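Dropping work22.txt in here (compact mmCIF, C-alpha atoms):
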```txt
# COMPACT_ATOMS: atom_id res chain seq x y z
CA MET A 1 0.00 0.00 0.00
CA SER A 2 1.33 3.45 -0.92
CA SER A 3 1.99 6.12 1.69
CA HIS A 4 -0.93 8.15 0.28
CA HIS A 5 -3.37 5.29 0.86
CA THR A 6 -2.01 4.58 4.33
CA VAL A 7 -2.32 8.20 5.51
CA LEU A 8 -5.68 8.77 3.83
CA ALA A 9 -7.17 5.51 5.12
CA GLY A 10 -8.71 7.33 8.07
CA LEU A 11 -10.18 10.21 6.06
CA GLU A 12 -13.82 9.09 6.17
CA ALA A 13 -13.69 8.90 9.96
CA GLU A 14 -12.22 12.41 10.21
CA LEU A 15 -14.51 14.21 7.74
CA PRO A 16 -17.42 14.71 10.19
CA TRP A 17 -15.35 16.86 12.56
CA VAL A 18 -13.72 18.65 9.60
CA ARG A 19 -17.23 19.62 8.46
CA ASP A 20 -18.12 20.69 12.00
CA VAL A 21 -15.01 22.87 12.25
CA TYR A 22 -15.75 24.43 8.87
CA GLN A 23 -19.32 25.31 9.85
CA ASP A 24 -18.17 26.62 13.23
CA LEU A 25 -15.61 28.89 11.57
CA HIS A 26 -18.16 30.04 9.03
CA ARG A 27 -20.55 30.99 11.84
CA HIS A 28 -17.82 32.90 13.68
CA PRO A 29 -15.74 34.82 11.11
CA GLU A 30 -13.03 37.20 12.29
CA LEU A 31 -11.48 40.11 10.43
CA SER A 32 -7.78 40.49 9.64
CA LEU A 33 -5.51 40.51 12.71
CA GLU A 34 -8.55 39.78 14.90
CA GLU A 35 -8.55 35.99 14.41
CA HIS A 36 -8.24 35.23 18.15
CA ARG A 37 -11.00 32.62 18.40
CA THR A 38 -9.88 30.93 15.20
CA ALA A 39 -6.25 30.85 16.35
CA GLN A 40 -7.25 29.33 19.69
CA LEU A 41 -9.28 26.62 17.95
CA VAL A 42 -6.39 25.85 15.60
CA ALA A 43 -3.81 25.75 18.40
CA GLU A 44 -5.97 23.43 20.52
CA LYS A 45 -6.50 21.03 17.61
CA LEU A 46 -2.82 20.94 16.66
CA THR A 47 -1.77 20.35 20.27
CA THR A 48 -4.25 17.48 20.53
CA PHE A 49 -2.83 16.00 17.32
CA GLY A 50 0.69 16.03 18.82
CA TYR A 51 2.19 19.08 17.10
CA GLU A 52 4.62 21.50 18.71
CA VAL A 53 2.65 24.75 18.56
CA THR A 54 4.00 28.31 18.33
CA HIS A 55 2.13 31.60 18.06
CA LEU A 56 3.65 34.19 15.69
CA GLY A 57 2.60 37.47 14.11
CA GLY A 58 -0.14 38.20 16.61
CA THR A 59 -2.78 35.66 15.66
CA GLY A 60 -0.67 33.34 13.51
CA VAL A 61 -0.25 29.70 14.55
CA VAL A 62 2.38 27.18 13.47
CA GLY A 63 2.35 23.47 14.25
CA VAL A 64 5.50 21.37 13.74
CA LEU A 65 5.41 17.58 13.55
CA SER A 66 8.86 16.00 13.50
CA ASN A 67 8.94 12.42 12.28
CA GLY A 68 12.52 11.32 11.78
CA GLU A 69 14.98 12.06 9.01
CA GLY A 70 13.81 13.42 5.70
CA PRO A 71 12.58 16.55 3.94
CA THR A 72 10.57 19.32 5.58
CA VAL A 73 7.28 20.46 4.04
CA LEU A 74 5.43 23.63 5.02
CA ALA A 75 1.70 23.83 4.27
CA ARG A 76 -0.15 27.12 4.77
CA ALA A 77 -3.77 28.16 5.28
CA ASP A 78 -5.06 31.70 5.76
CA MET A 79 -7.66 32.43 8.46
CA ASP A 80 -9.24 35.88 8.11
CA ALA A 81 -12.72 36.84 6.95
CA LEU A 82 -14.05 39.91 5.14
CA PRO A 83 -16.22 42.94 6.01
CA VAL A 84 -19.11 41.52 3.96
CA THR A 85 -22.72 40.95 5.05
CA GLU A 86 -23.61 37.35 4.25
CA ALA A 87 -26.58 36.68 1.98
CA THR A 88 -26.23 32.92 1.38
CA GLY A 89 -29.14 31.83 3.58
CA LEU A 90 -27.08 28.88 4.85
CA GLU A 91 -28.14 27.36 8.16
CA TYR A 92 -24.58 27.98 9.34
CA SER A 93 -24.45 31.59 8.13
CA SER A 94 -22.28 34.14 9.88
CA THR A 95 -23.51 35.24 13.30
CA VAL A 96 -21.25 38.32 13.21
CA ALA A 97 -22.91 41.40 11.75
CA GLY A 98 -21.15 42.67 8.64
CA VAL A 99 -18.45 39.99 8.68
CA MET A 100 -18.35 36.86 6.50
CA HIS A 101 -16.02 34.14 5.31
CA ALA A 102 -16.62 35.27 1.73
CA CYS A 103 -13.28 34.04 0.38
CA GLY A 104 -13.19 30.48 1.68
CA HIS A 105 -10.51 30.82 4.32
CA ASP A 106 -12.70 28.68 6.57
CA VAL A 107 -12.30 25.94 3.95
CA HIS A 108 -8.54 26.41 4.04
CA VAL A 109 -8.30 26.19 7.83
CA SER A 110 -10.55 23.16 8.22
CA THR A 111 -8.94 21.19 5.38
CA LEU A 112 -5.39 21.87 6.60
CA LEU A 113 -6.43 20.78 10.10
CA GLY A 114 -7.84 17.61 8.59
CA ALA A 115 -4.60 17.00 6.73
CA ALA A 116 -2.58 17.71 9.89
CA LYS A 117 -4.56 15.07 11.80
CA LEU A 118 -4.09 12.47 9.07
CA MET A 119 -0.37 13.22 8.80
CA ALA A 120 -0.01 12.75 12.56
CA ASP A 121 -2.01 9.51 12.61
CA GLY A 122 -0.18 8.15 9.55
CA ARG A 123 3.41 8.74 10.66
CA VAL A 124 4.30 5.13 9.96
CA ALA A 125 3.96 5.90 6.24
CA TRP A 126 6.34 8.86 5.93
CA SER A 127 9.50 10.38 7.27
CA GLY A 128 10.59 14.00 7.71
CA THR A 129 8.95 17.10 9.19
CA TYR A 130 5.50 18.49 8.47
CA ILE A 131 4.73 22.14 9.25
CA ALA A 132 1.12 23.32 9.32
CA LEU A 133 1.06 27.12 9.24
CA PHE A 134 -2.12 29.14 9.82
CA GLN A 135 -1.70 32.73 8.70
CA PRO A 136 -3.71 35.79 9.69
CA ALA A 137 -4.55 38.89 7.68
CA GLU A 138 -4.17 37.68 4.12
CA GLU A 139 -6.95 39.98 2.98
CA VAL A 140 -4.94 43.08 3.84
CA GLY A 141 -1.61 41.64 2.72
CA ALA A 142 -0.09 41.91 6.18
CA GLY A 143 -0.26 38.49 7.83
CA SER A 144 2.60 36.64 6.18
CA GLN A 145 4.99 39.54 6.73
CA ALA A 146 3.86 39.81 10.35
CA MET A 147 4.81 36.17 10.92
CA VAL A 148 8.15 36.63 9.15
CA ASP A 149 8.87 39.76 11.19
CA ASP A 150 8.04 37.88 14.38
CA GLY A 151 10.82 35.36 13.74
CA LEU A 152 9.21 32.64 11.65
CA VAL A 153 12.42 31.77 9.81
CA THR A 154 14.37 31.18 13.02
CA THR A 155 11.51 29.58 14.96
CA VAL A 156 10.50 26.66 12.76
CA PRO A 157 12.64 24.16 10.82
CA GLN A 158 13.86 25.23 7.40
CA PRO A 159 11.40 23.80 4.85
CA ASP A 160 12.43 22.32 1.52
CA VAL A 161 9.17 23.31 -0.14
CA ALA A 162 6.03 25.31 0.67
CA LEU A 163 2.46 24.48 -0.33
CA ALA A 164 -0.86 26.34 -0.31
CA GLN A 165 -4.30 26.00 -1.83
CA HIS A 166 -7.34 28.21 -2.40
CA VAL A 167 -10.98 27.35 -2.96
CA MET A 168 -12.34 28.96 -6.12
CA PRO A 169 -15.69 29.14 -7.98
CA ILE A 170 -14.90 26.14 -10.18
CA ALA A 171 -16.47 22.68 -9.99
CA ALA A 172 -16.10 20.98 -6.62
CA GLY A 173 -14.15 17.76 -6.97
CA THR A 174 -11.58 19.34 -9.28
CA VAL A 175 -8.09 20.69 -8.70
CA ALA A 176 -6.29 23.27 -10.86
CA THR A 177 -2.53 23.83 -11.05
CA ALA A 178 -0.19 25.96 -13.15
CA ALA A 179 3.50 26.83 -13.19
CA GLY A 180 4.69 30.42 -13.33
CA PRO A 181 2.63 33.49 -12.39
CA VAL A 182 -0.82 32.46 -11.16
CA LEU A 183 -1.81 35.48 -9.07
CA SER A 184 -0.90 39.06 -9.83
CA ALA A 185 1.15 41.42 -7.75
CA GLY A 186 -1.13 44.03 -6.23
CA ASP A 187 -0.42 47.57 -5.07
CA SER A 188 -2.80 50.10 -3.61
CA LEU A 189 -1.65 53.70 -3.83
CA ARG A 190 -2.98 56.86 -2.21
CA ILE A 191 -1.95 60.02 -4.08
CA THR A 192 -2.51 63.48 -2.66
CA VAL A 193 -2.10 66.45 -4.99
CA PHE A 194 -2.14 70.04 -3.82
CA GLY A 195 -3.70 73.19 -5.19
CA LYS A 196 -4.60 76.60 -3.88
CA GLY A 197 -8.07 77.07 -2.45
CA ALA A 198 -10.36 79.95 -3.39
CA HIS A 199 -14.00 80.94 -3.84
CA GLY A 200 -15.76 79.09 -6.63
CA SER A 201 -16.55 82.41 -8.30
CA MET A 202 -12.86 83.35 -8.44
CA PRO A 203 -11.08 80.44 -10.18
CA HIS A 204 -8.31 82.78 -11.33
CA MET A 205 -7.25 83.08 -7.68
CA ALA A 206 -6.91 79.32 -7.30
CA VAL A 207 -4.87 76.33 -8.42
CA ASP A 208 -7.74 73.92 -8.86
CA PRO A 209 -6.85 70.40 -7.61
CA VAL A 210 -10.09 68.99 -9.02
CA VAL A 211 -9.03 69.85 -12.55
CA LEU A 212 -5.51 68.64 -11.76
CA ALA A 213 -6.77 65.31 -10.42
CA SER A 214 -9.09 64.90 -13.42
CA SER A 215 -6.16 65.43 -15.80
CA ILE A 216 -4.17 62.82 -13.89
CA VAL A 217 -6.99 60.27 -14.15
CA LEU A 218 -7.16 60.68 -17.93
CA ARG A 219 -3.41 60.66 -18.39
CA LEU A 220 -3.03 57.49 -16.29
CA GLN A 221 -5.03 55.62 -18.91
CA THR A 222 -1.96 55.78 -21.15
CA VAL A 223 0.21 53.78 -18.73
CA VAL A 224 -1.35 50.54 -19.96
CA SER A 225 -2.42 51.59 -23.46
CA ARG A 226 0.79 53.38 -24.49
CA GLU A 227 3.60 52.51 -22.06
CA THR A 228 3.08 48.81 -21.42
CA LYS A 229 4.35 46.46 -24.13
CA PRO A 230 1.53 44.72 -26.01
CA GLY A 231 1.26 41.21 -24.58
CA ASP A 232 2.46 42.25 -21.14
CA PHE A 233 -0.24 42.46 -18.49
CA ALA A 234 -1.07 45.45 -16.31
CA VAL A 235 -4.17 46.98 -14.76
CA VAL A 236 -4.28 50.54 -13.42
CA THR A 237 -7.56 51.45 -11.76
CA VAL A 238 -8.47 54.75 -10.15
CA GLY A 239 -11.03 53.58 -7.62
CA ALA A 240 -11.68 56.91 -5.90
CA LEU A 241 -11.16 60.62 -6.44
CA ASN A 242 -12.05 62.82 -3.50
CA ALA A 243 -11.86 66.61 -3.34
CA GLY A 244 -13.86 69.48 -1.96
CA THR A 245 -16.93 69.84 0.24
CA LYS A 246 -19.11 72.53 -1.38
CA SER A 247 -20.05 73.68 -4.86
CA ASN A 248 -18.70 77.21 -4.44
CA ILE A 249 -15.39 76.32 -2.78
CA ILE A 250 -12.30 75.34 -4.76
CA PRO A 251 -10.41 73.04 -2.36
CA ASP A 252 -6.69 73.03 -1.72
CA ARG A 253 -6.08 69.33 -2.34
CA ALA A 254 -7.42 66.16 -3.93
CA THR A 255 -6.86 62.50 -3.12
CA LEU A 256 -6.82 59.63 -5.61
CA LEU A 257 -6.90 55.95 -4.68
CA LEU A 258 -5.32 53.61 -7.22
CA ASN A 259 -5.05 49.84 -7.56
CA ILE A 260 -2.35 48.31 -9.75
CA ARG A 261 -2.03 44.66 -10.85
CA THR A 262 0.87 43.09 -12.74
CA TYR A 263 2.28 39.62 -13.49
CA ASP A 264 5.92 40.63 -13.89
CA ASN A 265 8.14 42.47 -11.41
CA GLN A 266 9.86 44.52 -14.14
CA VAL A 267 6.48 45.58 -15.51
CA ARG A 268 5.39 46.40 -11.97
CA THR A 269 8.40 48.65 -11.43
CA ALA A 270 7.88 50.39 -14.76
CA VAL A 271 4.16 50.96 -14.17
CA LEU A 272 4.67 52.43 -10.70
CA ALA A 273 7.43 54.70 -12.01
CA ALA A 274 5.19 55.86 -14.86
CA ILE A 275 2.36 56.68 -12.47
CA GLU A 276 4.62 58.79 -10.27
CA ARG A 277 6.15 60.53 -13.31
CA ILE A 278 2.74 61.40 -14.75
CA VAL A 279 1.44 62.72 -11.44
CA ARG A 280 4.51 64.90 -10.88
CA GLY A 281 4.34 66.17 -14.44
CA GLU A 282 0.69 67.12 -14.23
CA CYS A 283 1.34 68.88 -10.93
CA VAL A 284 4.10 70.97 -12.55
CA THR A 285 1.85 71.78 -15.50
CA ALA A 286 -0.96 72.89 -13.19
CA GLY A 287 1.34 75.06 -11.07
CA SER A 288 0.78 72.99 -7.94
CA PRO A 289 2.33 74.79 -4.94
CA GLN A 290 3.93 71.64 -3.50
CA GLU A 291 5.08 68.15 -4.43
CA PRO A 292 2.46 65.39 -4.53
CA GLU A 293 2.46 62.72 -1.84
CA PHE A 294 2.49 58.97 -2.58
CA GLU A 295 1.47 56.37 0.01
CA TYR A 296 1.65 52.68 -0.92
CA TYR A 297 -0.45 50.25 1.13
CA ASP A 298 -2.10 46.81 0.96
CA GLN A 299 0.74 45.56 -1.22
CA PHE A 300 0.77 41.96 -2.39
CA PRO A 301 3.71 40.14 -3.96
CA LEU A 302 3.56 38.25 -7.24
CA THR A 303 2.63 34.58 -6.82
CA THR A 304 4.83 32.59 -9.19
CA ASN A 305 4.70 28.81 -8.89
CA ASP A 306 7.97 26.93 -9.18
CA GLU A 307 7.98 24.82 -12.34
CA ALA A 308 9.56 21.67 -10.86
CA VAL A 309 7.45 21.69 -7.68
CA THR A 310 4.27 22.33 -9.65
CA ALA A 311 5.05 19.52 -12.09
CA LYS A 312 5.71 17.07 -9.24
CA VAL A 313 2.55 17.99 -7.34
CA THR A 314 0.42 17.99 -10.51
CA GLU A 315 1.65 14.50 -11.36
CA ALA A 316 0.72 13.32 -7.87
CA PHE A 317 -2.73 14.94 -8.11
CA THR A 318 -3.34 13.35 -11.50
CA ALA A 319 -2.41 9.91 -10.16
CA HIS A 320 -4.64 10.36 -7.12
CA PHE A 321 -7.70 12.22 -8.43
CA GLY A 322 -7.57 11.13 -12.08
CA ALA A 323 -6.76 13.18 -15.16
CA ASP A 324 -10.36 14.37 -15.58
CA ALA A 325 -10.27 16.08 -12.18
CA VAL A 326 -6.99 17.96 -12.62
CA HIS A 327 -7.05 21.07 -14.80
CA SER A 328 -4.76 23.87 -15.83
CA ALA A 329 -5.33 26.89 -13.59
CA THR A 330 -6.24 30.18 -15.22
CA ARG A 331 -4.22 33.18 -14.16
CA GLN A 332 -6.13 35.36 -11.73
CA THR A 333 -5.83 39.10 -11.30
CA ALA A 334 -6.50 38.58 -7.61
CA SER A 335 -3.51 38.72 -5.27
CA GLU A 336 -2.11 36.79 -2.30
CA ASP A 337 0.61 37.31 0.30
CA PHE A 338 1.49 33.62 0.76
CA SER A 339 4.70 33.85 -1.29
CA ARG A 340 6.37 36.07 1.32
CA ILE A 341 6.69 32.98 3.53
CA PRO A 342 8.61 30.71 1.12
CA ASP A 343 10.53 33.75 -0.14
CA ALA A 344 11.67 34.46 3.43
CA PHE A 345 13.01 30.91 3.66
CA GLY A 346 14.37 31.00 0.11
CA VAL A 347 12.47 27.86 -0.94
CA PRO A 348 10.28 27.00 -3.95
CA TYR A 349 6.51 26.74 -3.68
CA THR A 350 3.31 25.93 -5.48
CA PHE A 351 -0.16 27.37 -4.94
CA TRP A 352 -3.10 25.47 -6.42
CA MET A 353 -6.87 25.86 -6.64
CA ILE A 354 -9.65 23.52 -5.52
CA GLY A 355 -13.22 23.77 -6.69
CA GLY A 356 -16.08 24.81 -4.43
CA ALA A 357 -19.05 25.21 -6.77
CA ASP A 358 -21.79 22.61 -7.07
CA PRO A 359 -20.60 20.49 -10.04
CA GLU A 360 -23.96 20.23 -11.81
CA THR A 361 -24.70 23.93 -11.41
CA TYR A 362 -21.22 24.82 -12.61
CA ARG A 363 -21.39 22.55 -15.67
CA ALA A 364 -24.78 24.00 -16.61
CA ALA A 365 -23.44 27.54 -16.22
CA VAL A 366 -20.46 26.71 -18.44
CA ALA A 367 -22.76 25.22 -21.08
CA ASN A 368 -24.99 28.30 -20.98
CA GLY A 369 -22.13 30.79 -20.84
CA THR A 370 -23.46 32.18 -17.55
CA VAL A 371 -20.68 31.34 -15.08
CA SER A 372 -20.14 34.96 -14.03
CA LYS A 373 -23.88 35.33 -13.44
CA ASP A 374 -24.76 31.99 -11.85
CA ILE A 375 -21.65 31.08 -9.84
CA PRO A 376 -20.90 33.48 -6.96
CA ALA A 377 -17.23 34.43 -6.91
CA ASN A 378 -14.93 34.93 -3.94
CA HIS A 379 -15.80 38.08 -1.94
CA SER A 380 -19.45 37.86 -2.99
CA PRO A 381 -22.05 37.90 -0.17
CA PHE A 382 -23.45 34.77 -1.88
CA PHE A 383 -20.14 32.84 -1.91
CA ALA A 384 -20.93 29.41 -0.46
CA PRO A 385 -18.72 26.42 -1.29
CA VAL A 386 -20.58 23.13 -1.15
CA LEU A 387 -19.42 20.98 1.77
CA ASP A 388 -19.02 17.85 -0.30
CA PRO A 389 -16.77 17.09 -2.02
CA THR A 390 -14.98 20.42 -1.43
CA LEU A 391 -13.69 19.63 2.07
CA GLU A 392 -12.70 16.07 1.22
CA VAL A 393 -10.77 17.17 -1.87
CA GLY A 394 -9.12 19.94 0.13
CA VAL A 395 -7.86 17.49 2.75
CA ARG A 396 -6.76 14.97 0.13
CA ALA A 397 -4.90 17.59 -1.89
CA GLN A 398 -2.91 18.78 1.13
CA VAL A 399 -1.98 15.22 2.09
CA VAL A 400 -1.10 14.10 -1.43
CA ALA A 401 1.03 17.19 -2.09
CA ALA A 402 2.93 16.82 1.20
CA LEU A 403 3.54 13.11 0.75
CA THR A 404 4.99 13.81 -2.69
CA TYR A 405 8.01 15.00 -0.70
CA LEU A 406 7.63 13.02 2.54
CA CYS A 407 7.31 9.56 1.07
CA GLY A 408 8.53 6.61 3.07
CA SER A 409 7.89 2.91 3.26
CA ALA A 410 4.29 2.17 4.16
```
What is this structure when it is put down as structure tokens?
Amino acid sequence: MSSHHTVLAGLEAELPWVRDVYQDLHRHPELSLEEHRTAQLVAEKLTTFGYEVTHLGGTGVVGVLSNGEGPTVLARADMDALPVTEATGLEYSSTVAGVMHACGHDVHVSTLLGAAKLMADGRVAWSGTYIALFQPAEEVGAGSQAMVDDGLVTTVPQPDVALAQHVMPIAAGTVATAAGPVLSAGDSLRITVFGKGAHGSMPHMAVDPVVLASSIVLRLQTVVSRETKPGDFAVVTVGALNAGTKSNIIPDRATLLLNIRTYDNQVRTAVLAAIERIVRGECVTAGSPQEPEFEYYDQFPLTTNDEAVTAKVTEAFTAHFGADAVHSATRQTASEDFSRIPDAFGVPYTFWMIGGADPETYRAAVANGTVSKDIPANHSPFFAPVLDPTLEVGVRAQVVAALTYLCGSA
């Protein structure tokens, strides 16, 4: 019997509590850096399973299971919820007003806990060290860095590889992998430009920041259309422009909120430089009395899957789930902060997707060309992964991927 079969032999017996944990987490979502109840639940479970537990980065939890000589694998799940009011109608809907697990992090936590239990119970089948890491504050791009800053690299054993998964609005029962960039880098940018205030009836006495900001918005459209090489990917969105309080007052400043997405670090650097150049240039043209201010926040690194690791894990998934259940992942313009953890250790990683949508509903939506309409996406108030087979596949995928590196004699 293979190590996969030995470790997964107890899965059916464990799934009931995995489902219970998932529903409990869904009922009690916690926002970024406030995951105290979730962290306590995770720490208690890992301790019961026999892991050495450490708290890092505020609400982050790491469990280490040492099992003799061999490689070290780090598997990560994120824990935070979103400021979204749930509208799913589920019997286990959120009990916290205005907060919801709308991105599936409750799936990630419960499935990694399930995998951690199976890995502990199945130690006879593998050798090495298994690290189960539960990260806070992914939604604001701060949790992985908080754990790194709190000494992650010197606290836990050096991994050889890092693994992570994310539930997505694709058919439950399927897994999707891809080498190279799979999630974009993301940067949010607050720009403040300055003018000279005056009465609305006396524009000649003012330097109007509303006009200045409007010129900037239009000019920024050329960053992608005229400065980014055709075939390269970039998105520059001005999500907010705020200035003034009254119709007859020309204000003295305006604030723009931008969001930038890229799949290549060189393109990212060039796009950000172009934005700053354009803003400074428009300020000079308008006669702005002082330099603009740039504040970067909610920054997410590029997620680029290692080719060799991805190939190895994909092969293992195909052997375990069957070729029909393993697909090529589509690049997403969403962003993640997971990669800061393997990057801090200097190790390769792969980040894959598991399906959470009802298979029949999803297939019908694909056939009708109505996926975007009929299948709620992550961050939607209607996002509701089906329990089965989503949770089972999530546990299996974590175990299979880890045992690809931690194989031993069964």
* **Closest of A:Lys45, A:His204, A:Arg331, A:Arg123 to A:Tyr263 - atom-to-atom distances counting only C-alpha atoms** => A:Arg331
* **Atomic distance atom CA of A:Met353 - atom CA of A:Thr177, expressed in Å with one decimal** => 6.5 Å
* Asked: In terms of the shortest atom-to-atom distance over all atoms listed in the file, which of A:Val96, A:Leu90, A:Ala132, A:Ala213 is closest to A:Gly114?
  ->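 The closest residue to A:Gly114 is A:Ala132.
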Kindly assemble as JSON lines a list of the stretch 53-94 of chain A residues that lie within 8 Å of stretch 159-163 of chain A, each paired with its nearest atom pair and their distance in Å to one decimal, using only C-alpha atoms, sorted first by chain and then by ascending residue number.
```
{"residue": "A:Pro71", "atom": "CA", "partner": "A:Asp160", "partner_atom": "CA", "distance": 6.3}
{"residue": "A:Thr72", "atom": "CA", "partner": "A:Pro159", "partner_atom": "CA", "distance": 4.6}
{"residue": "A:Val73", "atom": "CA", "partner": "A:Pro159", "partner_atom": "CA", "distance": 5.4}
{"residue": "A:Leu74", "atom": "CA", "partner": "A:Ala162", "partner_atom": "CA", "distance": 4.7}
{"residue": "A:Ala75", "atom": "CA", "partner": "A:Leu163", "partner_atom": "CA", "distance": 4.7}
{"residue": "A:Arg76", "atom": "CA", "partner": "A:Leu163", "partner_atom": "CA", "distance": 6.3}
```
* Fewer than 6 positions away in the same chain doesn't count, so skip those; otherwise give me all residues within 12 Å of A:Arg253, counting only C-alpha atoms, as a PyMOL selection string. => chain A and resi 191-198+206-213+241-245+283+288-293
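Here atom CA of A:Ser339 and atom CA of A:Val18 stand 26.2 Å from one another.
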* **Neighbour list for stretch 63-69 of chain A as a ChimeraX atom specification, cut-off 6 Å, only C-alpha atoms, skip fewer than 5 positions in-chain** => /A:51-53,127-132
